[in-house]
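Peer 1: So that you have it, the file is data17.cif, and it contains mmCIF, N, CA and C atoms:
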data_input
loop_
_atom_site.label_atom_id
_atom_site.label_comp_id
_atom_site.auth_asym_id
_atom_site.auth_seq_id
_atom_site.Cartn_x
_atom_site.Cartn_y
_atom_site.Cartn_z
N MET A 565 0.84 -1.18 0.00
CA MET A 565 0.00 0.00 0.00
C MET A 565 0.89 1.24 0.00
N LYS A 566 0.44 2.24 -0.72
CA LYS A 566 1.21 3.47 -0.85
C LYS A 566 0.92 4.40 0.34
N ALA A 567 1.67 5.48 0.39
CA ALA A 567 1.44 6.48 1.42
C ALA A 567 0.10 7.19 1.17
N LEU A 568 -0.51 7.68 2.22
CA LEU A 568 -1.82 8.33 2.07
C LEU A 568 -1.75 9.59 1.22
N ARG A 569 -0.59 10.23 1.16
CA ARG A 569 -0.49 11.46 0.36
C ARG A 569 -0.54 11.17 -1.14
N SER A 570 -0.40 9.91 -1.52
CA SER A 570 -0.47 9.58 -2.94
C SER A 570 -1.90 9.37 -3.43
N TYR A 571 -2.85 9.40 -2.51
CA TYR A 571 -4.26 9.29 -2.89
C TYR A 571 -4.90 10.67 -2.82
N PRO A 572 -5.28 11.25 -3.95
CA PRO A 572 -5.88 12.59 -3.92
C PRO A 572 -7.22 12.58 -3.18
N GLY A 573 -7.40 13.52 -2.31
CA GLY A 573 -8.67 13.68 -1.60
C GLY A 573 -8.75 12.98 -0.27
N VAL A 574 -7.92 11.98 -0.03
CA VAL A 574 -8.02 11.21 1.21
C VAL A 574 -7.56 12.06 2.40
N LEU A 575 -6.46 12.78 2.24
CA LEU A 575 -5.99 13.61 3.35
C LEU A 575 -6.97 14.72 3.68
N VAL A 576 -7.63 15.25 2.68
CA VAL A 576 -8.64 16.29 2.93
C VAL A 576 -9.81 15.70 3.72
N LEU A 577 -10.25 14.52 3.34
CA LEU A 577 -11.34 13.88 4.08
C LEU A 577 -10.94 13.58 5.52
N LEU A 578 -9.71 13.14 5.74
CA LEU A 578 -9.26 12.85 7.09
C LEU A 578 -9.11 14.13 7.91
N LEU A 579 -8.69 15.22 7.27
CA LEU A 579 -8.61 16.50 7.97
C LEU A 579 -9.99 16.99 8.37
N ILE A 580 -10.95 16.87 7.48
CA ILE A 580 -12.33 17.25 7.80
C ILE A 580 -12.87 16.37 8.92
N ALA A 581 -12.56 15.08 8.86
CA ALA A 581 -13.03 14.16 9.90
C ALA A 581 -12.46 14.53 11.26
N SER A 582 -11.18 14.87 11.29
CA SER A 582 -10.60 15.22 12.59
C SER A 582 -11.19 16.51 13.13
N ALA A 583 -11.45 17.48 12.25
CA ALA A 583 -12.08 18.73 12.70
C ALA A 583 -13.49 18.48 13.22
N MET A 584 -14.24 17.66 12.52
CA MET A 584 -15.60 17.35 12.96
C MET A 584 -15.60 16.58 14.27
N LEU A 585 -14.64 15.69 14.43
CA LEU A 585 -14.54 14.93 15.68
C LEU A 585 -14.23 15.85 16.85
N VAL A 586 -13.29 16.77 16.66
CA VAL A 586 -12.97 17.72 17.72
C VAL A 586 -14.18 18.59 18.04
N HIS A 587 -14.88 19.03 17.00
CA HIS A 587 -16.09 19.86 17.21
C HIS A 587 -17.14 19.08 17.99
N GLY A 588 -17.32 17.82 17.64
CA GLY A 588 -18.30 17.00 18.35
C GLY A 588 -17.90 16.74 19.78
N LEU A 589 -16.63 16.52 20.03
CA LEU A 589 -16.18 16.30 21.41
C LEU A 589 -16.30 17.56 22.25
N VAL A 590 -16.02 18.71 21.66
CA VAL A 590 -16.19 19.97 22.40
C VAL A 590 -17.66 20.19 22.73
N ASP A 591 -18.55 19.91 21.79
CA ASP A 591 -19.98 20.01 22.08
C ASP A 591 -20.38 19.07 23.20
N TYR A 592 -19.85 17.87 23.18
CA TYR A 592 -20.21 16.90 24.22
C TYR A 592 -19.70 17.35 25.58
N ILE A 593 -18.48 17.90 25.62
CA ILE A 593 -17.92 18.35 26.89
C ILE A 593 -18.68 19.57 27.41
N ASN A 594 -18.99 20.51 26.53
CA ASN A 594 -19.64 21.74 26.98
C ASN A 594 -21.13 21.57 27.27
N TYR A 595 -21.82 20.84 26.42
CA TYR A 595 -23.28 20.76 26.54
C TYR A 595 -23.78 19.40 26.96
N GLU A 596 -22.90 18.42 27.08
CA GLU A 596 -23.26 17.04 27.43
C GLU A 596 -24.35 16.49 26.53
N VAL A 597 -24.26 16.84 25.25
CA VAL A 597 -25.20 16.37 24.24
C VAL A 597 -24.39 15.81 23.08
N ALA A 598 -24.77 14.64 22.62
CA ALA A 598 -24.07 14.06 21.48
C ALA A 598 -24.32 14.92 20.24
N SER A 599 -23.27 15.23 19.55
CA SER A 599 -23.37 16.11 18.39
C SER A 599 -23.38 15.30 17.11
N PRO A 600 -24.10 15.77 16.09
CA PRO A 600 -24.06 15.08 14.80
C PRO A 600 -22.70 15.19 14.12
N SER A 601 -21.82 16.04 14.66
CA SER A 601 -20.49 16.18 14.08
C SER A 601 -19.71 14.87 14.18
N ILE A 602 -19.98 14.09 15.22
CA ILE A 602 -19.29 12.81 15.37
C ILE A 602 -19.72 11.86 14.26
N LEU A 603 -20.99 11.89 13.91
CA LEU A 603 -21.45 11.06 12.79
C LEU A 603 -20.85 11.54 11.47
N ALA A 604 -20.70 12.85 11.32
CA ALA A 604 -20.07 13.39 10.12
C ALA A 604 -18.61 12.96 10.05
N ALA A 605 -17.93 12.94 11.19
CA ALA A 605 -16.54 12.49 11.22
C ALA A 605 -16.43 11.02 10.82
N LEU A 606 -17.34 10.20 11.33
CA LEU A 606 -17.34 8.78 10.95
C LEU A 606 -17.63 8.62 9.46
N GLY A 607 -18.52 9.44 8.94
CA GLY A 607 -18.82 9.40 7.50
C GLY A 607 -17.61 9.77 6.66
N CYS A 608 -16.85 10.77 7.11
CA CYS A 608 -15.66 11.18 6.37
C CYS A 608 -14.60 10.09 6.40
N VAL A 609 -14.44 9.45 7.55
CA VAL A 609 -13.46 8.35 7.64
C VAL A 609 -13.88 7.20 6.74
N PHE A 610 -15.16 6.87 6.75
CA PHE A 610 -15.67 5.81 5.89
C PHE A 610 -15.47 6.16 4.41
N SER A 611 -15.72 7.42 4.05
CA SER A 611 -15.50 7.85 2.67
C SER A 611 -14.04 7.77 2.28
N ALA A 612 -13.15 8.11 3.20
CA ALA A 612 -11.71 8.03 2.91
C ALA A 612 -11.30 6.58 2.69
N ILE A 613 -11.83 5.68 3.49
CA ILE A 613 -11.51 4.25 3.33
C ILE A 613 -12.02 3.76 1.98
N LEU A 614 -13.23 4.15 1.61
CA LEU A 614 -13.77 3.75 0.31
C LEU A 614 -12.97 4.33 -0.84
N LEU A 615 -12.50 5.57 -0.69
CA LEU A 615 -11.70 6.19 -1.74
C LEU A 615 -10.38 5.47 -1.93
N VAL A 616 -9.74 5.08 -0.83
CA VAL A 616 -8.50 4.30 -0.93
C VAL A 616 -8.78 2.96 -1.59
N ALA A 617 -9.90 2.33 -1.23
CA ALA A 617 -10.25 1.05 -1.84
C ALA A 617 -10.46 1.18 -3.35
N VAL A 618 -11.09 2.26 -3.77
CA VAL A 618 -11.30 2.48 -5.20
C VAL A 618 -9.97 2.66 -5.92
N TYR A 619 -9.07 3.47 -5.34
CA TYR A 619 -7.76 3.66 -5.95
C TYR A 619 -6.98 2.36 -6.02
N GLU A 620 -7.03 1.57 -4.96
CA GLU A 620 -6.31 0.29 -4.95
C GLU A 620 -6.91 -0.68 -5.97
N PHE A 621 -8.23 -0.69 -6.11
CA PHE A 621 -8.87 -1.58 -7.08
C PHE A 621 -8.49 -1.19 -8.50
N LYS A 622 -8.46 0.11 -8.77
CA LYS A 622 -8.05 0.57 -10.11
C LYS A 622 -6.61 0.17 -10.39
N SER A 623 -5.75 0.32 -9.39
CA SER A 623 -4.35 -0.05 -9.54
C SER A 623 -4.21 -1.56 -9.76
N PHE A 624 -5.01 -2.34 -9.03
CA PHE A 624 -4.98 -3.79 -9.17
C PHE A 624 -5.41 -4.20 -10.58
N LYS A 625 -6.48 -3.58 -11.09
CA LYS A 625 -6.94 -3.91 -12.44
C LYS A 625 -5.90 -3.56 -13.48
N ALA A 626 -5.26 -2.39 -13.33
CA ALA A 626 -4.24 -1.98 -14.30
C ALA A 626 -3.04 -2.93 -14.26
N ASN A 627 -2.62 -3.34 -13.06
CA ASN A 627 -1.49 -4.26 -12.94
C ASN A 627 -1.83 -5.63 -13.52
N ARG A 628 -3.05 -6.08 -13.28
CA ARG A 628 -3.46 -7.38 -13.80
C ARG A 628 -3.49 -7.36 -15.32
N LYS A 629 -3.96 -6.25 -15.89
CA LYS A 629 -3.99 -6.13 -17.34
C LYS A 629 -2.58 -6.09 -17.92
N LEU A 630 -1.66 -5.41 -17.21
CA LEU A 630 -0.28 -5.36 -17.64
C LEU A 630 0.36 -6.73 -17.63
N VAL A 631 0.11 -7.50 -16.57
CA VAL A 631 0.70 -8.85 -16.46
C VAL A 631 0.11 -9.75 -17.53
N ARG A 632 -1.18 -9.63 -17.77
CA ARG A 632 -1.82 -10.46 -18.78
C ARG A 632 -1.26 -10.16 -20.17
N ASN A 633 -1.01 -8.90 -20.47
CA ASN A 633 -0.47 -8.54 -21.78
C ASN A 633 0.99 -8.94 -21.93
N SER A 634 1.73 -8.99 -20.85
CA SER A 634 3.15 -9.35 -20.94
C SER A 634 3.33 -10.86 -21.11
N LYS A 635 2.35 -11.66 -20.71
CA LYS A 635 2.46 -13.13 -20.85
C LYS A 635 2.23 -13.55 -22.29
N VAL A 636 1.53 -12.77 -23.06
CA VAL A 636 1.21 -13.14 -24.44
C VAL A 636 2.35 -12.94 -25.36
#
The structure given in the file should be rewritten as structure tokens.

Peer 2:
Amino acid sequence: MKALRSYPGVLVLLLIASAMLVHGLVDYINYEVASPSILAALGCVFSAILLVAVYEFKSFKANRKLVRNSKV
């Protein structure tokens, strides 16, 4: 697996997730109410994981096609 900086958009999603998580935790500490920001943070993390999976799948398909063409 490559470094996260080689996947466009993943670092931005993780940065947004961390900001939303901090915002949700501050709301919870100050108001003792669960904030929807925590759900947004989980959504961003899930989206980042899916984005990495898509990039890896595309890379896998390209490598498989390359290997198949080199055997012929």

Peer 1: Tell me, in Å to one decimal, how far CA of Ile580 in chain A is from atom C of Phe624 in chain A.

Peer 2: 29.1 Å

Peer 1: Quick one: of A:Ser601, A:Asn594, A:Ser611, A:Ser623, who's nearest to Leu578 in chain A, counting only C-alpha atoms?

Peer 2: A:Ser611

Peer 1: Run through the PyMOL selection byres ((chain A and resi 588) around 8) on the given coordinates and return the selected residues as a ChimeraX atom specification.

Peer 2: /A:582-587,589-594,597-603

Peer 1: Using CA of Val616 in chain A and CA of Arg569 in chain A as the two end points, give the distance in Å to one decimal.

Peer 2: 10.8 Å

Peer 1: Might I get the box with edges along x, y and z of the file that holds all atoms of range 588-596 of chain A listed there, padded by 4 Å on every side, given as centre and edge lengths in Å to one decimal, as lines of an AutoDock Vina configuration file?

Peer 2:
center_x = -20.2
center_y = 19.0
center_z = 22.5
size_x = 16.3
size_y = 13.4
size_z = 17.8

Peer 1: In Å, how far is it from CA of Ala604 in chain A to CA of Leu579 in chain A?

Peer 2: 12.1 Å

Peer 1: Can you tell me, as a ChimeraX atom specification, what residues are no more than 10 Å from Ile613 in chain A when counting only C-alpha atoms, ignoring any on the same chain fewer than 6 positions away?

Peer 2: /A:574,577-578,607

Peer 1: Would you mind exporting the chosen residues as a short mmCIF file (atom, residue, chain, number, x, y, z; two decimals), in the frame of the given file, restricted to N, CA and C atoms?

Peer 2:
data_model
loop_
_atom_site.label_atom_id
_atom_site.label_comp_id
_atom_site.auth_asym_id
_atom_site.auth_seq_id
_atom_site.Cartn_x
_atom_site.Cartn_y
_atom_site.Cartn_z
N VAL A 574 -7.92 11.98 -0.03
CA VAL A 574 -8.02 11.21 1.21
C VAL A 574 -7.56 12.06 2.40
N LEU A 577 -10.25 14.52 3.34
CA LEU A 577 -11.34 13.88 4.08
C LEU A 577 -10.94 13.58 5.52
N LEU A 578 -9.71 13.14 5.74
CA LEU A 578 -9.26 12.85 7.09
C LEU A 578 -9.11 14.13 7.91
N GLY A 607 -18.52 9.44 8.94
CA GLY A 607 -18.82 9.40 7.50
C GLY A 607 -17.61 9.77 6.66
#

Peer 1: Can you list, as a VMD selection string, all residues belonging to chain A that DSSP tags as helix (DSSP H, G or I)?

Peer 2: chain A and resid 568 to 570 574 to 595 600 to 635

Peer 1: Can you fill out range 570-589 of chain A with N, CA, C and O atoms and hand it back as a CSV table (one decimal), in the frame of the given file?

Peer 2:
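Writing done, so here's out.csv:
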chain,number,residue,atom,x,y,z
A,570,SER,N,-0.4,9.9,-1.5
A,570,SER,CA,-0.5,9.6,-2.9
A,570,SER,C,-1.9,9.4,-3.4
A,570,SER,O,-2.1,9.2,-4.6
A,571,TYR,N,-2.8,9.4,-2.5
A,571,TYR,CA,-4.3,9.3,-2.9
A,571,TYR,C,-4.9,10.7,-2.8
A,571,TYR,O,-5.1,11.2,-1.7
A,572,PRO,N,-5.3,11.2,-4.0
A,572,PRO,CA,-5.9,12.6,-3.9
A,572,PRO,C,-7.2,12.6,-3.2
A,572,PRO,O,-8.1,11.7,-3.4
A,573,GLY,N,-7.4,13.5,-2.3
A,573,GLY,CA,-8.7,13.7,-1.6
A,573,GLY,C,-8.8,13.0,-0.3
A,573,GLY,O,-9.6,13.4,0.6
A,574,VAL,N,-7.9,12.0,0.0
A,574,VAL,CA,-8.0,11.2,1.2
A,574,VAL,C,-7.6,12.1,2.4
A,574,VAL,O,-8.2,12.1,3.4
A,575,LEU,N,-6.5,12.8,2.2
A,575,LEU,CA,-6.0,13.6,3.4
A,575,LEU,C,-7.0,14.7,3.7
A,575,LEU,O,-7.2,15.1,4.9
A,576,VAL,N,-7.6,15.2,2.7
A,576,VAL,CA,-8.6,16.3,2.9
A,576,VAL,C,-9.8,15.7,3.7
A,576,VAL,O,-10.3,16.3,4.7
A,577,LEU,N,-10.2,14.5,3.3
A,577,LEU,CA,-11.3,13.9,4.1
A,577,LEU,C,-10.9,13.6,5.5
A,577,LEU,O,-11.7,13.8,6.4
A,578,LEU,N,-9.7,13.1,5.7
A,578,LEU,CA,-9.3,12.8,7.1
A,578,LEU,C,-9.1,14.1,7.9
A,578,LEU,O,-9.4,14.1,9.1
A,579,LEU,N,-8.7,15.2,7.3
A,579,LEU,CA,-8.6,16.5,8.0
A,579,LEU,C,-10.0,17.0,8.4
A,579,LEU,O,-10.2,17.5,9.5
A,580,ILE,N,-11.0,16.9,7.5
A,580,ILE,CA,-12.3,17.2,7.8
A,580,ILE,C,-12.9,16.4,8.9
A,580,ILE,O,-13.5,16.9,9.8
A,581,ALA,N,-12.6,15.1,8.9
A,581,ALA,CA,-13.0,14.2,9.9
A,581,ALA,C,-12.5,14.5,11.3
A,581,ALA,O,-13.2,14.5,12.3
A,582,SER,N,-11.2,14.9,11.3
A,582,SER,CA,-10.6,15.2,12.6
A,582,SER,C,-11.2,16.5,13.1
A,582,SER,O,-11.5,16.6,14.3
A,583,ALA,N,-11.4,17.5,12.2
A,583,ALA,CA,-12.1,18.7,12.7
A,583,ALA,C,-13.5,18.5,13.2
A,583,ALA,O,-13.9,19.0,14.3
A,584,MET,N,-14.2,17.7,12.5
A,584,MET,CA,-15.6,17.4,13.0
A,584,MET,C,-15.6,16.6,14.3
A,584,MET,O,-16.5,16.8,15.1
A,585,LEU,N,-14.6,15.7,14.4
A,585,LEU,CA,-14.5,14.9,15.7
A,585,LEU,C,-14.2,15.8,16.8
A,585,LEU,O,-14.8,15.7,17.9
A,586,VAL,N,-13.3,16.8,16.7
A,586,VAL,CA,-13.0,17.7,17.7
A,586,VAL,C,-14.2,18.6,18.0
A,586,VAL,O,-14.5,18.8,19.2
A,587,HIS,N,-14.9,19.0,17.0
A,587,HIS,CA,-16.1,19.9,17.2
A,587,HIS,C,-17.1,19.1,18.0
A,587,HIS,O,-17.8,19.6,18.9
A,588,GLY,N,-17.3,17.8,17.6
A,588,GLY,CA,-18.3,17.0,18.4
A,588,GLY,C,-17.9,16.7,19.8
A,588,GLY,O,-18.8,16.8,20.7
A,589,LEU,N,-16.6,16.5,20.0
A,589,LEU,CA,-16.2,16.3,21.4
A,589,LEU,C,-16.3,17.6,22.2
A,589,LEU,O,-16.7,17.5,23.4
